[in-house]
Amino acid sequence: MLAQIIWCIIGLIIGLLLGFFLAKHFMQKYLKKNPPINEKMIEVMMSSMGRKPSKKQVNQVMREMNKFM
């Protein structure tokens with residue numbers, strides 16, 4: 001009886017860990033294919049703040065954003 005409870009707890013922990021890492025992997029893969037922000041969105045955002053961004057500035061922001069993904 002006690003052994004069955006221990007095996008259930010071990011199975012639950014393994015299942016949770018496996019599910020977490022699989023979900024993390026698939027989300028990273030999805031975000032690489034479909035980035036949540038692109039160059040056009042950065043240009044619009046900077047323009048709305050009263051600046052006309054250069055291509056160099058947009059590329060710099062994109063590099064910083066990709067660093068965290």
# chains A, B, ... in the order shown; residues from 1 in each chain; ligands from 1
>>> residues_around(residues="Val58 of chain A", least_positions_apart="2", cutoff="12 Å", atoms="only C-alpha atoms", output="list in words")
Ile37, Asn38, Glu39, Lys40, Met41, Ile42, Glu43, Val44, Met45, Met46, Ser47, Arg51, Lys52, Pro53, Ser54, Lys55, Lys56, Gln60, Val61, Met62, Arg63, Glu64 and Met65 of chain A
>>> write_last_selection(atoms="C-alpha atoms", output="JSON list (two decimals), in the first residue's frame")
[["chain", "number", "residue", "atom", "x", "y", "z"],
["A", 37, "ILE", "CA", 7.41, 41.78, -32.36],
["A", 38, "ASN", "CA", 9.00, 42.70, -35.67],
["A", 39, "GLU", "CA", 10.89, 45.64, -37.20],
["A", 40, "LYS", "CA", 7.74, 47.40, -38.38],
["A", 41, "MET", "CA", 6.25, 47.32, -34.88],
["A", 42, "ILE", "CA", 9.45, 48.80, -33.42],
["A", 43, "GLU", "CA", 9.43, 51.59, -36.01],
["A", 44, "VAL", "CA", 5.80, 52.43, -35.20],
["A", 45, "MET", "CA", 6.51, 52.37, -31.46],
["A", 46, "MET", "CA", 9.53, 54.68, -31.77],
["A", 47, "SER", "CA", 7.65, 57.00, -34.13],
["A", 51, "ARG", "CA", 11.44, 59.83, -32.90],
["A", 52, "LYS", "CA", 12.19, 58.82, -36.46],
["A", 53, "PRO", "CA", 14.24, 55.65, -35.98],
["A", 54, "SER", "CA", 17.11, 54.78, -38.26],
["A", 55, "LYS", "CA", 17.61, 51.25, -39.55],
["A", 56, "LYS", "CA", 20.61, 50.91, -37.21],
["A", 60, "GLN", "CA", 19.87, 47.28, -32.32],
["A", 61, "VAL", "CA", 16.47, 46.97, -30.60],
["A", 62, "MET", "CA", 15.77, 43.72, -32.48],
["A", 63, "ARG", "CA", 19.12, 42.26, -31.36],
["A", 64, "GLU", "CA", 18.33, 43.16, -27.75],
["A", 65, "MET", "CA", 14.88, 41.58, -28.03]]
>>> select_by_dssp(residues="segment 4-63 of chain A", states="alpha helix (DSSP H)", output="number ranges by chain")
A: 4-33, 39-48, 55-63
>>> write_last_selection(atoms="N, CA and C atoms", output="CSV table (one decimal), in the first residue's frame")
chain,number,residue,atom,x,y,z
A,4,GLN,N,2.7,1.7,-3.3
A,4,GLN,CA,1.9,2.2,-4.4
A,4,GLN,C,1.8,3.7,-4.3
A,5,ILE,N,1.6,4.2,-3.1
A,5,ILE,CA,1.5,5.7,-2.9
A,5,ILE,C,2.8,6.4,-3.3
A,6,ILE,N,3.9,5.8,-2.9
A,6,ILE,CA,5.2,6.4,-3.3
A,6,ILE,C,5.4,6.4,-4.8
A,7,TRP,N,5.1,5.3,-5.4
A,7,TRP,CA,5.2,5.2,-6.9
A,7,TRP,C,4.3,6.2,-7.6
A,8,CYS,N,3.1,6.4,-7.1
A,8,CYS,CA,2.2,7.4,-7.6
A,8,CYS,C,2.8,8.8,-7.5
A,9,ILE,N,3.4,9.1,-6.4
A,9,ILE,CA,4.0,10.5,-6.1
A,9,ILE,C,5.2,10.6,-7.1
A,10,ILE,N,6.0,9.6,-7.2
A,10,ILE,CA,7.2,9.7,-8.1
A,10,ILE,C,6.7,9.9,-9.5
A,11,GLY,N,5.7,9.1,-9.9
A,11,GLY,CA,5.1,9.3,-11.3
A,11,GLY,C,4.6,10.7,-11.5
A,12,LEU,N,3.9,11.2,-10.6
A,12,LEU,CA,3.3,12.6,-10.7
A,12,LEU,C,4.5,13.6,-10.8
A,13,ILE,N,5.5,13.5,-10.1
A,13,ILE,CA,6.6,14.4,-10.1
A,13,ILE,C,7.3,14.3,-11.5
A,14,ILE,N,7.6,13.1,-11.9
A,14,ILE,CA,8.2,12.9,-13.3
A,14,ILE,C,7.3,13.5,-14.4
A,15,GLY,N,6.0,13.2,-14.3
A,15,GLY,CA,5.1,13.8,-15.3
A,15,GLY,C,5.1,15.3,-15.3
A,16,LEU,N,5.1,15.9,-14.1
A,16,LEU,CA,5.1,17.3,-14.1
A,16,LEU,C,6.4,17.9,-14.7
A,17,LEU,N,7.5,17.4,-14.3
A,17,LEU,CA,8.8,17.8,-14.9
A,17,LEU,C,8.8,17.7,-16.4
A,18,LEU,N,8.4,16.5,-16.8
A,18,LEU,CA,8.5,16.2,-18.3
A,18,LEU,C,7.5,17.2,-19.0
A,19,GLY,N,6.3,17.4,-18.5
A,19,GLY,CA,5.4,18.3,-19.1
A,19,GLY,C,5.9,19.7,-19.1
A,20,PHE,N,6.5,20.2,-18.1
A,20,PHE,CA,7.1,21.5,-18.0
A,20,PHE,C,8.1,21.7,-19.1
A,21,PHE,N,9.1,20.8,-19.2
A,21,PHE,CA,10.2,20.9,-20.2
A,21,PHE,C,9.7,20.8,-21.6
A,22,LEU,N,8.7,19.9,-21.8
A,22,LEU,CA,8.2,19.9,-23.2
A,22,LEU,C,7.4,21.1,-23.6
A,23,ALA,N,6.6,21.7,-22.7
A,23,ALA,CA,5.9,22.9,-22.9
A,23,ALA,C,6.9,24.1,-23.2
A,24,LYS,N,7.9,24.1,-22.4
A,24,LYS,CA,9.0,25.2,-22.6
A,24,LYS,C,9.6,25.1,-23.9
A,25,HIS,N,10.0,23.8,-24.3
A,25,HIS,CA,10.6,23.6,-25.6
A,25,HIS,C,9.7,24.0,-26.8
A,26,PHE,N,8.4,23.6,-26.7
A,26,PHE,CA,7.5,24.0,-27.8
A,26,PHE,C,7.2,25.5,-27.9
A,27,MET,N,7.1,26.1,-26.7
A,27,MET,CA,6.9,27.6,-26.7
A,27,MET,C,8.1,28.3,-27.3
A,28,GLN,N,9.3,27.9,-27.0
A,28,GLN,CA,10.5,28.6,-27.5
A,28,GLN,C,10.5,28.4,-29.0
A,29,LYS,N,10.2,27.2,-29.5
A,29,LYS,CA,10.2,26.9,-30.9
A,29,LYS,C,9.1,27.7,-31.6
A,30,TYR,N,8.0,27.9,-31.0
A,30,TYR,CA,6.9,28.7,-31.6
A,30,TYR,C,7.3,30.1,-31.7
A,31,LEU,N,7.9,30.7,-30.6
A,31,LEU,CA,8.3,32.1,-30.6
A,31,LEU,C,9.4,32.4,-31.6
A,32,LYS,N,10.2,31.4,-31.8
A,32,LYS,CA,11.3,31.6,-32.8
A,32,LYS,C,10.7,31.7,-34.2
A,33,LYS,N,9.7,30.9,-34.5
A,33,LYS,CA,9.0,30.9,-35.8
A,33,LYS,C,8.1,32.1,-36.0
A,39,GLU,N,10.3,44.3,-37.0
A,39,GLU,CA,10.9,45.6,-37.2
A,39,GLU,C,9.8,46.7,-37.4
A,40,LYS,N,8.8,46.4,-38.1
A,40,LYS,CA,7.7,47.4,-38.4
A,40,LYS,C,7.1,47.9,-37.1
A,41,MET,N,6.8,47.0,-36.2
A,41,MET,CA,6.2,47.3,-34.9
A,41,MET,C,7.2,48.2,-34.1
A,42,ILE,N,8.5,48.0,-34.1
A,42,ILE,CA,9.4,48.8,-33.4
A,42,ILE,C,9.5,50.2,-34.0
A,43,GLU,N,9.4,50.3,-35.4
A,43,GLU,CA,9.4,51.6,-36.0
A,43,GLU,C,8.2,52.4,-35.6
A,44,VAL,N,7.0,51.8,-35.6
A,44,VAL,CA,5.8,52.4,-35.2
A,44,VAL,C,5.9,52.9,-33.7
A,45,MET,N,6.4,52.0,-32.9
A,45,MET,CA,6.5,52.4,-31.5
A,45,MET,C,7.4,53.6,-31.3
A,46,MET,N,8.6,53.6,-31.9
A,46,MET,CA,9.5,54.7,-31.8
A,46,MET,C,9.0,56.0,-32.4
A,47,SER,N,8.3,55.8,-33.5
A,47,SER,CA,7.6,57.0,-34.1
A,47,SER,C,6.6,57.6,-33.2
A,48,SER,N,5.8,56.8,-32.5
A,48,SER,CA,4.8,57.3,-31.7
A,48,SER,C,5.4,58.0,-30.5
A,55,LYS,N,17.6,52.7,-39.4
A,55,LYS,CA,17.6,51.3,-39.5
A,55,LYS,C,18.6,50.7,-38.5
A,56,LYS,N,19.6,51.4,-38.2
A,56,LYS,CA,20.6,50.9,-37.2
A,56,LYS,C,20.0,50.8,-35.8
A,57,GLN,N,19.1,51.8,-35.5
A,57,GLN,CA,18.5,51.8,-34.2
A,57,GLN,C,17.5,50.6,-34.1
A,58,VAL,N,16.7,50.4,-35.2
A,58,VAL,CA,15.8,49.3,-35.2
A,58,VAL,C,16.5,48.0,-35.1
A,59,ASN,N,17.6,47.8,-35.8
A,59,ASN,CA,18.3,46.5,-35.7
A,59,ASN,C,18.9,46.3,-34.3
A,60,GLN,N,19.3,47.4,-33.7
A,60,GLN,CA,19.9,47.3,-32.3
A,60,GLN,C,18.8,46.8,-31.3
A,61,VAL,N,17.6,47.4,-31.5
A,61,VAL,CA,16.5,47.0,-30.6
A,61,VAL,C,16.1,45.5,-30.9
A,62,MET,N,16.1,45.1,-32.1
A,62,MET,CA,15.8,43.7,-32.5
A,62,MET,C,16.8,42.8,-31.9
A,63,ARG,N,18.1,43.1,-31.9
A,63,ARG,CA,19.1,42.3,-31.4
A,63,ARG,C,18.9,42.1,-29.9
